[in-house]
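Everything below belongs to entry.csv, which stores CSV, C-alpha atoms and all ligand atoms.
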```
chain,number,residue,atom,x,y,z
A,1,MET,CA,0.0,0.0,0.0
A,2,ASN,CA,1.2,3.5,-0.8
A,3,ALA,CA,1.4,5.2,2.6
A,4,SER,CA,0.7,8.6,1.1
A,5,PHE,CA,-2.9,7.5,0.3
A,6,ALA,CA,-3.6,6.5,3.9
A,7,PRO,CA,-5.9,8.9,5.9
A,8,ALA,CA,-4.6,10.6,8.9
A,9,PRO,CA,-4.6,8.2,11.9
A,10,MET,CA,-7.7,8.4,14.1
A,11,LEU,CA,-8.0,7.1,17.6
A,12,LEU,CA,-11.3,5.4,17.4
A,13,ASN,CA,-12.0,5.4,21.1
A,14,GLU,CA,-11.3,9.1,21.4
A,15,VAL,CA,-14.2,11.5,21.9
A,16,ARG,CA,-12.8,15.1,21.8
A,17,HIS,CA,-14.2,18.5,22.6
A,18,ASP,CA,-11.2,20.6,21.5
A,19,TRP,CA,-11.3,20.5,17.7
A,20,THR,CA,-9.5,23.4,16.0
A,21,ARG,CA,-10.9,25.0,12.8
A,22,ALA,CA,-7.7,23.9,11.0
A,23,GLU,CA,-8.2,20.3,11.9
A,24,ILE,CA,-11.8,20.3,10.8
A,25,THR,CA,-11.0,22.0,7.4
A,26,ALA,CA,-8.3,19.4,6.9
A,27,LEU,CA,-10.9,16.7,7.3
A,28,PHE,CA,-13.1,18.4,4.7
A,29,ALA,CA,-10.1,18.6,2.3
A,30,LEU,CA,-9.4,14.9,2.5
A,31,PRO,CA,-9.8,12.9,-0.7
A,32,PHE,CA,-13.4,11.7,-0.8
A,33,SER,CA,-12.5,8.0,-0.3
A,34,ASP,CA,-10.2,8.7,2.6
A,35,LEU,CA,-12.8,10.8,4.3
A,36,MET,CA,-15.5,8.1,3.8
A,37,PHE,CA,-13.1,5.5,5.2
A,38,GLN,CA,-12.5,7.5,8.3
A,39,ALA,CA,-16.1,8.2,8.8
A,40,GLN,CA,-17.0,4.5,8.3
A,41,SER,CA,-14.3,3.4,10.7
A,42,VAL,CA,-15.6,5.7,13.4
A,43,HIS,CA,-19.2,4.8,12.7
A,44,ARG,CA,-18.6,1.1,13.0
A,45,ALA,CA,-16.7,1.5,16.3
A,46,TYR,CA,-19.8,3.0,17.9
A,47,PHE,CA,-22.9,1.9,16.0
A,48,ASN,CA,-24.3,-1.0,14.1
A,49,PRO,CA,-23.9,0.5,10.6
A,50,ASN,CA,-27.0,-1.3,9.3
A,51,GLU,CA,-29.4,0.3,11.8
A,52,VAL,CA,-31.1,3.7,11.4
A,53,GLN,CA,-33.2,5.4,14.0
A,54,VAL,CA,-36.6,6.5,12.8
A,55,SER,CA,-38.4,9.5,14.1
A,56,THR,CA,-41.7,11.2,13.2
A,57,LEU,CA,-42.2,14.9,13.1
A,58,CYS,CA,-45.5,16.5,13.9
A,59,SER,CA,-46.1,20.3,13.6
A,60,ILE,CA,-48.2,21.1,16.6
A,61,LYS,CA,-48.4,24.8,15.7
A,62,THR,CA,-47.7,26.0,12.2
A,63,GLY,CA,-46.7,29.4,10.7
A,64,ALA,CA,-47.0,33.0,11.9
A,65,CYS,CA,-43.6,32.9,13.6
A,66,PRO,CA,-42.2,36.4,14.5
A,67,GLU,CA,-38.6,35.4,13.8
A,68,ASP,CA,-36.9,36.1,10.4
A,69,CYS,CA,-34.9,32.9,9.7
A,70,ALA,CA,-34.2,33.4,6.0
A,71,TYR,CA,-34.9,29.7,5.0
A,72,CYS,CA,-38.1,29.3,6.9
A,73,PRO,CA,-41.6,29.3,5.3
A,74,GLN,CA,-43.1,29.6,8.8
A,75,SER,CA,-41.8,33.1,9.3
A,76,ALA,CA,-44.7,35.6,9.3
A,77,ARG,CA,-42.3,38.0,7.4
A,78,TYR,CA,-42.4,36.0,4.2
A,79,ASP,CA,-45.3,35.4,1.9
A,80,THR,CA,-45.0,31.7,1.2
A,81,GLY,CA,-48.6,30.7,1.0
A,82,LEU,CA,-48.3,28.5,4.1
A,83,GLU,CA,-51.6,28.1,6.0
A,84,ARG,CA,-51.3,29.2,9.6
A,85,GLU,CA,-52.6,26.7,12.2
A,86,LYS,CA,-53.3,27.2,15.9
A,87,LEU,CA,-51.8,25.0,18.6
A,88,MET,CA,-53.2,21.5,18.0
A,89,ALA,CA,-55.4,19.9,20.7
A,90,VAL,CA,-53.6,17.6,23.1
A,91,GLU,CA,-55.7,14.6,22.1
A,92,LYS,CA,-55.1,15.1,18.4
A,93,VAL,CA,-51.3,15.2,19.0
A,94,ILE,CA,-51.5,11.9,21.0
A,95,GLU,CA,-53.6,10.4,18.2
A,96,GLU,CA,-50.9,11.3,15.7
A,97,ALA,CA,-48.2,9.8,17.9
A,98,ARG,CA,-50.2,6.6,18.2
A,99,ALA,CA,-50.4,6.4,14.4
A,100,ALA,CA,-46.6,7.0,14.2
A,101,LYS,CA,-45.9,4.3,16.6
A,102,ALA,CA,-48.1,1.9,14.7
A,103,SER,CA,-45.9,2.5,11.6
A,104,GLY,CA,-42.7,1.7,13.5
A,105,ALA,CA,-41.5,5.1,14.6
A,106,THR,CA,-39.8,5.1,18.1
A,107,ARG,CA,-39.5,8.8,18.7
A,108,PHE,CA,-42.1,11.5,18.2
A,109,CYS,CA,-40.9,15.0,17.6
A,110,MET,CA,-43.4,17.9,18.2
A,111,GLY,CA,-42.5,21.3,16.6
A,112,ALA,CA,-44.1,24.7,17.2
A,113,ALA,CA,-43.3,27.8,15.2
A,114,TRP,CA,-42.7,30.1,18.2
A,115,ARG,CA,-40.0,32.6,19.2
A,116,SER,CA,-40.4,30.9,22.6
A,117,PRO,CA,-43.4,29.3,24.4
A,118,LYS,CA,-45.7,31.7,26.4
A,119,GLY,CA,-46.8,30.9,29.9
A,120,LYS,CA,-50.3,30.0,28.7
A,121,ASP,CA,-48.8,27.4,26.3
A,122,MET,CA,-46.8,25.5,28.8
A,123,PRO,CA,-49.6,23.4,30.4
A,124,TYR,CA,-50.7,22.2,26.9
A,125,VAL,CA,-47.2,21.2,25.7
A,126,THR,CA,-46.4,19.4,29.0
A,127,HIS,CA,-49.6,17.4,28.7
A,128,MET,CA,-48.6,16.5,25.2
A,129,VAL,CA,-45.3,15.2,26.5
A,130,LYS,CA,-47.0,13.1,29.2
A,131,GLY,CA,-49.5,11.7,26.7
A,132,VAL,CA,-46.9,10.7,24.1
A,133,LYS,CA,-44.6,9.3,26.8
A,134,ALA,CA,-47.5,7.1,28.1
A,135,LEU,CA,-47.6,5.4,24.7
A,136,GLY,CA,-44.0,4.2,25.3
A,137,MET,CA,-42.3,6.5,22.8
A,138,GLU,CA,-39.4,8.8,23.1
A,139,THR,CA,-40.4,12.4,23.0
A,140,CYS,CA,-38.7,15.4,21.4
A,141,MET,CA,-39.9,19.0,21.1
A,142,THR,CA,-38.8,22.1,19.4
A,143,LEU,CA,-40.6,25.3,20.6
A,144,GLY,CA,-38.0,28.0,20.2
A,145,MET,CA,-36.0,29.6,23.0
A,146,LEU,CA,-36.5,28.3,26.5
A,147,ASP,CA,-35.6,29.9,29.8
A,148,GLU,CA,-34.4,27.8,32.7
A,149,GLN,CA,-37.9,27.3,34.3
A,150,GLN,CA,-39.5,26.3,31.0
A,151,ALA,CA,-36.7,23.8,30.3
A,152,GLN,CA,-37.2,22.3,33.8
A,153,ASP,CA,-41.0,22.1,33.4
A,154,LEU,CA,-40.6,20.1,30.1
A,155,ALA,CA,-38.0,17.8,31.7
A,156,ASP,CA,-40.3,17.2,34.7
A,157,ALA,CA,-43.1,16.3,32.2
A,158,GLY,CA,-40.8,13.6,30.8
A,159,LEU,CA,-39.4,15.2,27.7
A,160,ASP,CA,-36.4,13.2,26.5
A,161,TYR,CA,-35.0,15.6,23.8
A,162,TYR,CA,-35.1,19.2,23.0
A,163,ASN,CA,-34.3,20.4,19.5
A,164,HIS,CA,-32.7,23.8,19.0
A,165,ASN,CA,-30.4,24.2,16.0
A,166,LEU,CA,-27.4,26.5,15.7
A,167,ASP,CA,-28.1,26.6,11.9
A,168,THR,CA,-24.7,27.7,10.7
A,169,SER,CA,-21.3,29.1,11.8
A,170,PRO,CA,-21.2,32.1,14.2
A,171,GLU,CA,-19.6,34.1,11.3
A,172,TYR,CA,-22.3,33.4,8.8
A,173,TYR,CA,-25.2,33.5,11.3
A,174,GLY,CA,-26.0,37.2,10.8
A,175,GLU,CA,-26.7,36.6,7.1
A,176,ILE,CA,-29.5,34.2,8.0
A,177,ILE,CA,-31.2,35.4,11.2
A,178,THR,CA,-31.3,38.8,12.9
A,179,THR,CA,-34.0,38.4,15.5
A,180,ARG,CA,-32.1,36.2,17.9
A,181,THR,CA,-28.4,35.9,18.5
A,182,TYR,CA,-26.1,32.9,18.4
A,183,GLN,CA,-25.6,33.5,22.2
A,184,ASP,CA,-29.4,33.2,22.7
A,185,ARG,CA,-29.3,29.8,21.1
A,186,LEU,CA,-26.3,28.7,23.2
A,187,GLN,CA,-28.1,29.8,26.3
A,188,THR,CA,-31.3,27.8,25.4
A,189,LEU,CA,-29.1,24.7,24.8
A,190,ALA,CA,-27.4,25.3,28.2
A,191,ASN,CA,-30.8,25.5,29.9
A,192,VAL,CA,-31.9,22.3,28.3
A,193,ARG,CA,-28.7,20.5,29.5
A,194,LYS,CA,-29.1,21.9,33.0
A,195,ALA,CA,-32.6,20.5,33.1
A,196,GLY,CA,-31.2,17.1,32.3
A,197,MET,CA,-32.7,16.7,28.8
A,198,LYS,CA,-30.9,15.3,25.8
A,199,VAL,CA,-30.0,17.8,23.1
A,200,CYS,CA,-30.8,17.6,19.4
A,201,CYS,CA,-28.8,20.3,17.6
A,202,GLY,CA,-27.4,20.8,14.1
A,203,GLY,CA,-27.8,23.1,11.2
A,204,ILE,CA,-28.6,23.7,7.6
A,205,VAL,CA,-26.2,23.5,4.6
A,206,GLY,CA,-26.7,25.0,1.2
A,207,MET,CA,-27.6,28.5,2.4
A,208,GLY,CA,-24.8,30.2,0.5
A,209,GLU,CA,-22.2,29.5,3.2
A,210,GLU,CA,-18.6,28.6,2.5
A,211,GLU,CA,-17.0,25.3,3.5
A,212,ASN,CA,-15.3,27.1,6.3
A,213,ASP,CA,-18.8,27.9,7.7
A,214,ARG,CA,-19.8,24.3,7.6
A,215,ALA,CA,-16.6,23.6,9.5
A,216,GLY,CA,-17.4,26.4,11.9
A,217,LEU,CA,-20.9,24.9,12.6
A,218,LEU,CA,-19.5,21.5,13.3
A,219,GLN,CA,-16.7,23.0,15.5
A,220,GLN,CA,-19.4,24.6,17.7
A,221,LEU,CA,-21.3,21.4,18.0
A,222,ALA,CA,-18.2,19.2,18.6
A,223,ASN,CA,-16.7,21.5,21.2
A,224,MET,CA,-19.7,21.6,23.4
A,225,PRO,CA,-19.0,20.2,26.9
A,226,GLU,CA,-21.3,17.3,25.9
A,227,HIS,CA,-22.0,16.5,22.2
A,228,PRO,CA,-25.6,16.7,21.2
A,229,GLU,CA,-27.1,13.2,21.2
A,230,SER,CA,-28.7,14.0,17.9
A,231,VAL,CA,-27.1,16.1,15.2
A,232,PRO,CA,-29.5,17.0,12.3
A,233,ILE,CA,-27.8,18.0,9.1
A,234,ASN,CA,-30.4,19.6,6.9
A,235,MET,CA,-30.1,20.4,3.2
A,236,LEU,CA,-31.8,23.8,2.5
A,237,VAL,CA,-35.2,23.3,1.0
A,238,LYS,CA,-35.8,26.3,-1.2
A,239,VAL,CA,-39.2,27.7,-0.6
A,240,GLY,CA,-40.7,30.4,-2.8
A,241,GLY,CA,-41.2,33.6,-0.9
A,242,THR,CA,-38.3,33.1,1.5
A,243,PRO,CA,-35.1,35.1,1.0
A,244,LEU,CA,-33.2,31.9,0.1
A,245,ALA,CA,-35.7,30.8,-2.6
A,246,ASP,CA,-33.2,31.3,-5.4
A,247,GLN,CA,-30.1,30.1,-3.6
A,248,ALA,CA,-27.7,28.0,-5.9
A,249,ASP,CA,-27.7,24.3,-5.3
A,250,LEU,CA,-25.1,22.8,-3.0
A,251,ASP,CA,-23.1,20.0,-4.6
A,252,PRO,CA,-24.4,16.7,-3.0
A,253,PHE,CA,-20.8,15.7,-2.4
A,254,ASP,CA,-20.3,18.8,-0.1
A,255,PHE,CA,-23.4,17.6,1.8
A,256,ILE,CA,-22.0,14.1,2.1
A,257,ARG,CA,-18.7,15.5,3.3
A,258,THR,CA,-20.5,17.5,6.0
A,259,ILE,CA,-22.2,14.3,7.2
A,260,ALA,CA,-18.9,12.4,7.2
A,261,VAL,CA,-17.0,15.1,9.2
A,262,ALA,CA,-19.9,15.3,11.7
A,263,ARG,CA,-19.7,11.6,12.2
A,264,ILE,CA,-15.9,11.8,12.8
A,265,LEU,CA,-16.2,14.7,15.2
A,266,MET,CA,-19.1,13.4,17.2
A,267,PRO,CA,-18.7,9.6,17.2
A,268,LYS,CA,-21.4,8.7,19.7
A,269,SER,CA,-24.1,11.1,18.3
A,270,HIS,CA,-26.9,10.1,16.0
A,271,VAL,CA,-26.3,12.1,12.8
A,272,ARG,CA,-29.7,12.8,11.3
A,273,LEU,CA,-30.7,13.3,7.7
A,274,SER,CA,-33.4,15.8,8.1
A,275,ALA,CA,-35.0,18.4,5.9
A,276,GLY,CA,-34.1,18.1,2.3
A,277,ARG,CA,-34.0,14.3,2.2
A,278,GLU,CA,-37.1,14.1,0.1
A,279,GLN,CA,-35.3,16.0,-2.7
A,280,MET,CA,-32.3,13.5,-2.6
A,281,ASN,CA,-32.2,10.5,-4.8
A,282,GLU,CA,-31.7,7.0,-3.3
A,283,GLN,CA,-28.0,7.0,-4.2
A,284,THR,CA,-27.3,10.3,-2.3
A,285,GLN,CA,-29.2,9.0,0.7
A,286,ALA,CA,-27.3,5.7,0.6
A,287,MET,CA,-24.0,7.6,0.5
A,288,ALA,CA,-25.1,9.6,3.5
A,289,PHE,CA,-25.7,6.4,5.4
A,290,LEU,CA,-22.3,5.2,4.3
A,291,ALA,CA,-20.8,8.5,5.6
A,292,GLY,CA,-22.3,7.8,9.0
A,293,ALA,CA,-25.9,9.2,9.0
A,294,ASN,CA,-28.0,7.0,11.2
A,295,SER,CA,-31.2,8.7,11.9
A,296,ILE,CA,-34.1,9.9,9.6
A,297,PHE,CA,-37.4,11.6,9.8
A,298,TYR,CA,-40.3,9.6,8.3
A,299,GLY,CA,-42.0,12.7,7.0
A,300,GLU,CA,-44.6,15.0,8.5
A,301,LYS,CA,-48.0,13.7,7.4
A,302,LEU,CA,-47.6,10.1,8.6
A,303,LEU,CA,-50.5,7.7,8.4
A,304,THR,CA,-53.2,10.4,8.6
A,305,THR,CA,-53.5,9.4,4.9
A,306,PRO,CA,-51.7,6.4,3.3
A,307,ASN,CA,-48.1,7.5,3.3
A,308,PRO,CA,-46.2,6.5,0.2
A,309,GLU,CA,-43.2,8.5,1.4
A,310,ALA,CA,-42.8,6.3,4.5
A,311,ASN,CA,-43.2,3.2,2.3
A,312,LYS,CA,-40.4,4.5,-0.1
A,313,ASP,CA,-38.1,4.8,2.9
A,314,MET,CA,-38.8,1.2,3.9
A,315,GLN,CA,-38.1,0.1,0.3
A,316,LEU,CA,-34.8,1.9,0.4
A,317,PHE,CA,-34.0,0.3,3.8
A,318,ASN,CA,-34.7,-3.1,2.2
A,319,LYS,CA,-32.5,-2.5,-0.8
A,320,LEU,CA,-29.6,-1.4,1.6
A,321,GLY,CA,-30.3,-4.1,4.2
A,322,ILE,CA,-30.9,-1.4,6.9
A,323,LYS,CA,-33.1,-2.1,9.9
A,324,PRO,CA,-34.9,0.6,11.9
A,325,GLU,CA,-33.2,0.9,15.3
A,326,ALA,CA,-35.4,-0.2,18.2
A,327,TYR,CA,-35.9,2.2,21.1
A,328,GLU,CA,-33.7,0.5,23.6
A,329,VAL,CA,-35.8,1.0,26.8
A,330,HIS,CA,-39.0,0.2,25.1
A,331,GLU,CA,-41.2,-1.9,27.3
A,332,ASP,CA,-42.8,-4.0,24.6
A,333,GLU,CA,-39.7,-4.2,22.4
A,334,GLY,CA,-40.8,-7.6,21.0
A,335,GLU,CA,-44.0,-6.0,19.8
A,336,GLN,CA,-42.2,-3.1,18.3
A,337,GLU,CA,-39.7,-5.3,16.5
A,338,ALA,CA,-42.6,-7.4,15.1
A,339,MET,CA,-44.3,-4.2,13.8
A,340,ILE,CA,-41.1,-3.1,12.1
A,341,VAL,CA,-40.6,-6.5,10.5
A,342,ASN,CA,-44.2,-6.4,9.2
A,343,LYS,CA,-43.6,-3.0,7.6
A,344,LEU,CA,-40.4,-4.2,6.0
A,345,GLN,CA,-42.2,-7.2,4.6
A,346,GLU,CA,-45.0,-5.1,3.2
A,347,ALA,CA,-42.5,-2.8,1.6
A,348,GLN,CA,-40.7,-5.8,0.1
A,349,LEU,CA,-44.0,-7.1,-1.4
A,350,ASP,CA,-44.8,-3.7,-2.7
A,351,SER,CA,-41.4,-3.4,-4.4
A,352,MET,CA,-42.0,-6.6,-6.3
A,353,PHE,CA,-44.7,-4.9,-8.4
A,354,TYR,CA,-44.3,-2.1,-10.9
A,355,ASN,CA,-46.2,0.9,-9.6
A,356,ALA,CA,-47.0,3.3,-12.4
A,357,ALA,CA,-48.0,6.0,-9.8
A,358,LYS,CA,-44.4,6.4,-8.6
A,401,LIG,S1,-37.8,30.4,14.8
A,401,LIG,FE1,-38.3,28.4,13.8
A,401,LIG,S2,-40.4,28.6,13.0
A,401,LIG,FE2,-39.6,30.7,13.5
A,401,LIG,S3,-38.8,31.5,11.5
A,401,LIG,FE3,-37.1,30.6,12.7
A,401,LIG,S4,-37.0,28.4,12.0
A,401,LIG,FE4,-39.0,29.2,11.4
```
Target format structure tokens, applied to this file:
Amino acid sequence: MNASFAPAPMLLNEVRHDWTRAEITALFALPFSDLMFQAQSVHRAYFNPNEVQVSTLCSIKTGACPEDCAYCPQSARYDTGLEREKLMAVEKVIEEARAAKASGATRFCMGAAWRSPKGKDMPYVTHMVKGVKALGMETCMTLGMLDEQQAQDLADAGLDYYNHNLDTSPEYYGEIITTRTYQDRLQTLANVRKAGMKVCCGGIVGMGEEENDRAGLLQQLANMPEHPESVPINMLVKVGGTPLADQADLDPFDFIRTIAVARILMPKSHVRLSAGREQMNEQTQAMAFLAGANSIFYGEKLLTTPNPEANKDMQLFNKLGIKPEAYEVHEDEGEQEAMIVNKLQEAQLDSMFYNAAK
């Protein structure tokens, strides 16, 4: 073997919190195969590479958000044609969670388009957490900024994860959002940790940032005192009416590189393929799994109507020999496993027939 082709040595059991920007940009600059090899090696040291965790997202309050995030169709500042919806009734949310569970999802994520929850909202959201938890699912919420007390109230209700993204590097942040600071975000994340919840935190690529900004985002995440347990890496979804509607496409290889570097920097975290996955072909998604992504969202409108998107995911899982990861502390794990196997078998049957509608 020619030693000059070997990637830089990695200590596989090393979880670091002191990455320099230069080290991270050097990883981005590796030849693609070397980067993928390192990411795969790290991934296999910590995870079963053939398992992917599956979550379902439910928008519990849609649109009319006062913030100005340049990518977001839910901001009240942009005319995107999105229909505003009030906070969903608690029972309706629990019904959606039940449907998600029946289709094999182990975690239910509830999102509200708020700057931060108001006092009058808290009893509703804490009831939602308790109700979903009672179904035996993991719970996650994203409600905007939280103060210490709100974080504690959610933790006391049994919330497992709180999602709050950093979005991009500190340097590029001002190009994307002006209504809250980077420090505001870090403070919410600190409040979430202090309350004892797990953190889901990542960002968006393809917003016109440079590679150095992608490195900067990952540096912020990787140098937190504790790595976020979940790291969503979103590809910008360009929505008409938002300031980023006409943004140039990011090369999919740059997206895959971001996943691979995230995997190397945060070996024990679930790296999640989030928004933008629907626009990716199967090959790009497969490469993202190879690079170390091991969590996906099933899509928003799950099982309220027949959900061909979820079925397509199962078909891709089948082609790649991937199994949905079971929720480890699930009480009726056997039942959960049986459900997932059933879904896979259905998907396998489906894929045996030509479907002209797809
Ligand atoms: S805070 Fe959230 S919902 Fe509001 S505009 Fe920003 S991303 Fe959208």
Find, counting all atoms listed in the file, the residue in A:Tyr78, A:Phe47, A:Phe32, A:Phe255 that gets nearest to ligand LIG 401 (chain A).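 The answer is A:Tyr78, which sits nearest to ligand LIG 401 (chain A).
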Point-to-point distance in Å for CA of Lys319 (chain A) and CA of Pro252 (chain A): 21.0 Å
List all protein, DNA and RNA residues that have an atom no more than 8 Å from any atom of ligand LIG 401 (chain A), counting all atoms listed in the file, and report them as a list in words. Thr62, Gly63, Ala64, Cys65, Pro66, Glu67, Asp68, Cys69, Ala70, Tyr71, Cys72, Pro73, Gln74, Ser75, Ala76, Ala112, Ala113, Trp114, Arg115, Leu143, Gly144 and Ile177 of chain A
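For the pair CA of Pro170 (chain A) and CA of Leu290 (chain A), the interatomic distance is 28.7 Å.
From CA of Arg185 (chain A) back to CA of Pro123 (chain A), the distance works out to 23.2 Å.
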If you count all atoms listed in the file, which residues fall within 10 Å of Lys194 (chain A), apart from same-chain ones fewer than 3 positions away, as a list of chain:residue names? A:Glu148, A:Ala151, A:Gln152, A:Ala155, A:Thr188, A:Leu189, A:Ala190, A:Asn191, A:Met197, A:Lys198
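Of the listed residues (A:Leu159, A:Leu186, A:Val205, A:Leu27), A:Val205 comes nearest to Tyr172 (chain A); the distances count all atoms listed in the file.
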Considering all atoms listed in the file, can you say which of A:Ser116, A:Thr142, A:Gln285, A:Thr168 comes closest to Gln219 (chain A)? A:Thr168
Which of these, A:Ser169, A:Met235, A:Phe253, A:Phe108, has the shortest distance to Asp213 (chain A) once you count all atoms listed in the file? A:Ser169
Residue nearest Leu57 (chain A) among A:Gly111, A:Gly203, A:Gly104, A:Gly276 (counting only C-alpha atoms): A:Gly111
Check the smallest atom-to-atom distance from each of A:Asp34, A:Asp121, A:Glu210, A:Glu95 to Gln150 (chain A) using only C-alpha atoms, then report the winner.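 The shortest atom-to-atom distance to Gln150 (chain A) comes from A:Asp121.
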For Pro232 (chain A), work out the shell of residues within 12 Å, counting only C-alpha atoms and skipping chain neighbours fewer than 3 positions away, then give it as number ranges by chain. A: 55, 163-168, 199-205, 217-218, 221, 228-229, 235, 258-259, 262-263, 269-277, 293-297
For Tyr298 (chain A), list every protein, DNA or RNA residue within 12 Å, evaluated using all atoms listed in the file, and leave out those in the same chain fewer than 3 positions away; present the list as a PDB file with C-alpha atoms, keeping the file's coordinate frame.
```pdb
ATOM      1  CA  VAL A  52     -31.100   3.700  11.400  1.00  0.00           C
ATOM      2  CA  GLN A  53     -33.200   5.400  14.000  1.00  0.00           C
ATOM      3  CA  VAL A  54     -36.600   6.500  12.800  1.00  0.00           C
ATOM      4  CA  SER A  55     -38.400   9.500  14.100  1.00  0.00           C
ATOM      5  CA  THR A  56     -41.700  11.200  13.200  1.00  0.00           C
ATOM      6  CA  LEU A  57     -42.200  14.900  13.100  1.00  0.00           C
ATOM      7  CA  CYS A  58     -45.500  16.500  13.900  1.00  0.00           C
ATOM      8  CA  ALA A 100     -46.600   7.000  14.200  1.00  0.00           C
ATOM      9  CA  LYS A 101     -45.900   4.300  16.600  1.00  0.00           C
ATOM     10  CA  SER A 103     -45.900   2.500  11.600  1.00  0.00           C
ATOM     11  CA  GLY A 104     -42.700   1.700  13.500  1.00  0.00           C
ATOM     12  CA  ALA A 105     -41.500   5.100  14.600  1.00  0.00           C
ATOM     13  CA  THR A 106     -39.800   5.100  18.100  1.00  0.00           C
ATOM     14  CA  ARG A 107     -39.500   8.800  18.700  1.00  0.00           C
ATOM     15  CA  PHE A 108     -42.100  11.500  18.200  1.00  0.00           C
ATOM     16  CA  CYS A 109     -40.900  15.000  17.600  1.00  0.00           C
ATOM     17  CA  ARG A 272     -29.700  12.800  11.300  1.00  0.00           C
ATOM     18  CA  LEU A 273     -30.700  13.300   7.700  1.00  0.00           C
ATOM     19  CA  SER A 274     -33.400  15.800   8.100  1.00  0.00           C
ATOM     20  CA  ALA A 275     -35.000  18.400   5.900  1.00  0.00           C
ATOM     21  CA  ARG A 277     -34.000  14.300   2.200  1.00  0.00           C
ATOM     22  CA  GLU A 278     -37.100  14.100   0.100  1.00  0.00           C
ATOM     23  CA  SER A 295     -31.200   8.700  11.900  1.00  0.00           C
ATOM     24  CA  LYS A 301     -48.000  13.700   7.400  1.00  0.00           C
ATOM     25  CA  LEU A 302     -47.600  10.100   8.600  1.00  0.00           C
ATOM     26  CA  LEU A 303     -50.500   7.700   8.400  1.00  0.00           C
ATOM     27  CA  ASN A 307     -48.100   7.500   3.300  1.00  0.00           C
ATOM     28  CA  PRO A 308     -46.200   6.500   0.200  1.00  0.00           C
ATOM     29  CA  GLU A 309     -43.200   8.500   1.400  1.00  0.00           C
ATOM     30  CA  ALA A 310     -42.800   6.300   4.500  1.00  0.00           C
ATOM     31  CA  ASN A 311     -43.200   3.200   2.300  1.00  0.00           C
ATOM     32  CA  LYS A 312     -40.400   4.500  -0.100  1.00  0.00           C
ATOM     33  CA  ASP A 313     -38.100   4.800   2.900  1.00  0.00           C
ATOM     34  CA  MET A 314     -38.800   1.200   3.900  1.00  0.00           C
ATOM     35  CA  PRO A 324     -34.900   0.600  11.900  1.00  0.00           C
TER      36      PRO A 324
END
```
If we count only C-alpha atoms, what is near Ala26 (chain A) at a cut-off of 12 Å, once residues fewer than 3 positions away on the same chain are taken out, given as a PyMOL selection string? chain A and resi 7-8+19-23+29-31+34-35+211-212+215+257+261
Counting only C-alpha atoms, select every polymer residue within 12 Å of (-26.6, 34.8, 0.9) as defined in the file's coordinates, and provide the selection as a ChimeraX atom specification. /A:70-71,172-177,205-210,242-248
Same residues, C-alpha atoms, saved as a compact mmCIF listing (two decimals), in the coordinates of the input:
```
# COMPACT_ATOMS: atom_id res chain seq x y z
CA ALA A 70 -34.20 33.40 6.00
CA TYR A 71 -34.90 29.70 5.00
CA TYR A 172 -22.30 33.40 8.80
CA TYR A 173 -25.20 33.50 11.30
CA GLY A 174 -26.00 37.20 10.80
CA GLU A 175 -26.70 36.60 7.10
CA ILE A 176 -29.50 34.20 8.00
CA ILE A 177 -31.20 35.40 11.20
CA VAL A 205 -26.20 23.50 4.60
CA GLY A 206 -26.70 25.00 1.20
CA MET A 207 -27.60 28.50 2.40
CA GLY A 208 -24.80 30.20 0.50
CA GLU A 209 -22.20 29.50 3.20
CA GLU A 210 -18.60 28.60 2.50
CA THR A 242 -38.30 33.10 1.50
CA PRO A 243 -35.10 35.10 1.00
CA LEU A 244 -33.20 31.90 0.10
CA ALA A 245 -35.70 30.80 -2.60
CA ASP A 246 -33.20 31.30 -5.40
CA GLN A 247 -30.10 30.10 -3.60
CA ALA A 248 -27.70 28.00 -5.90
```
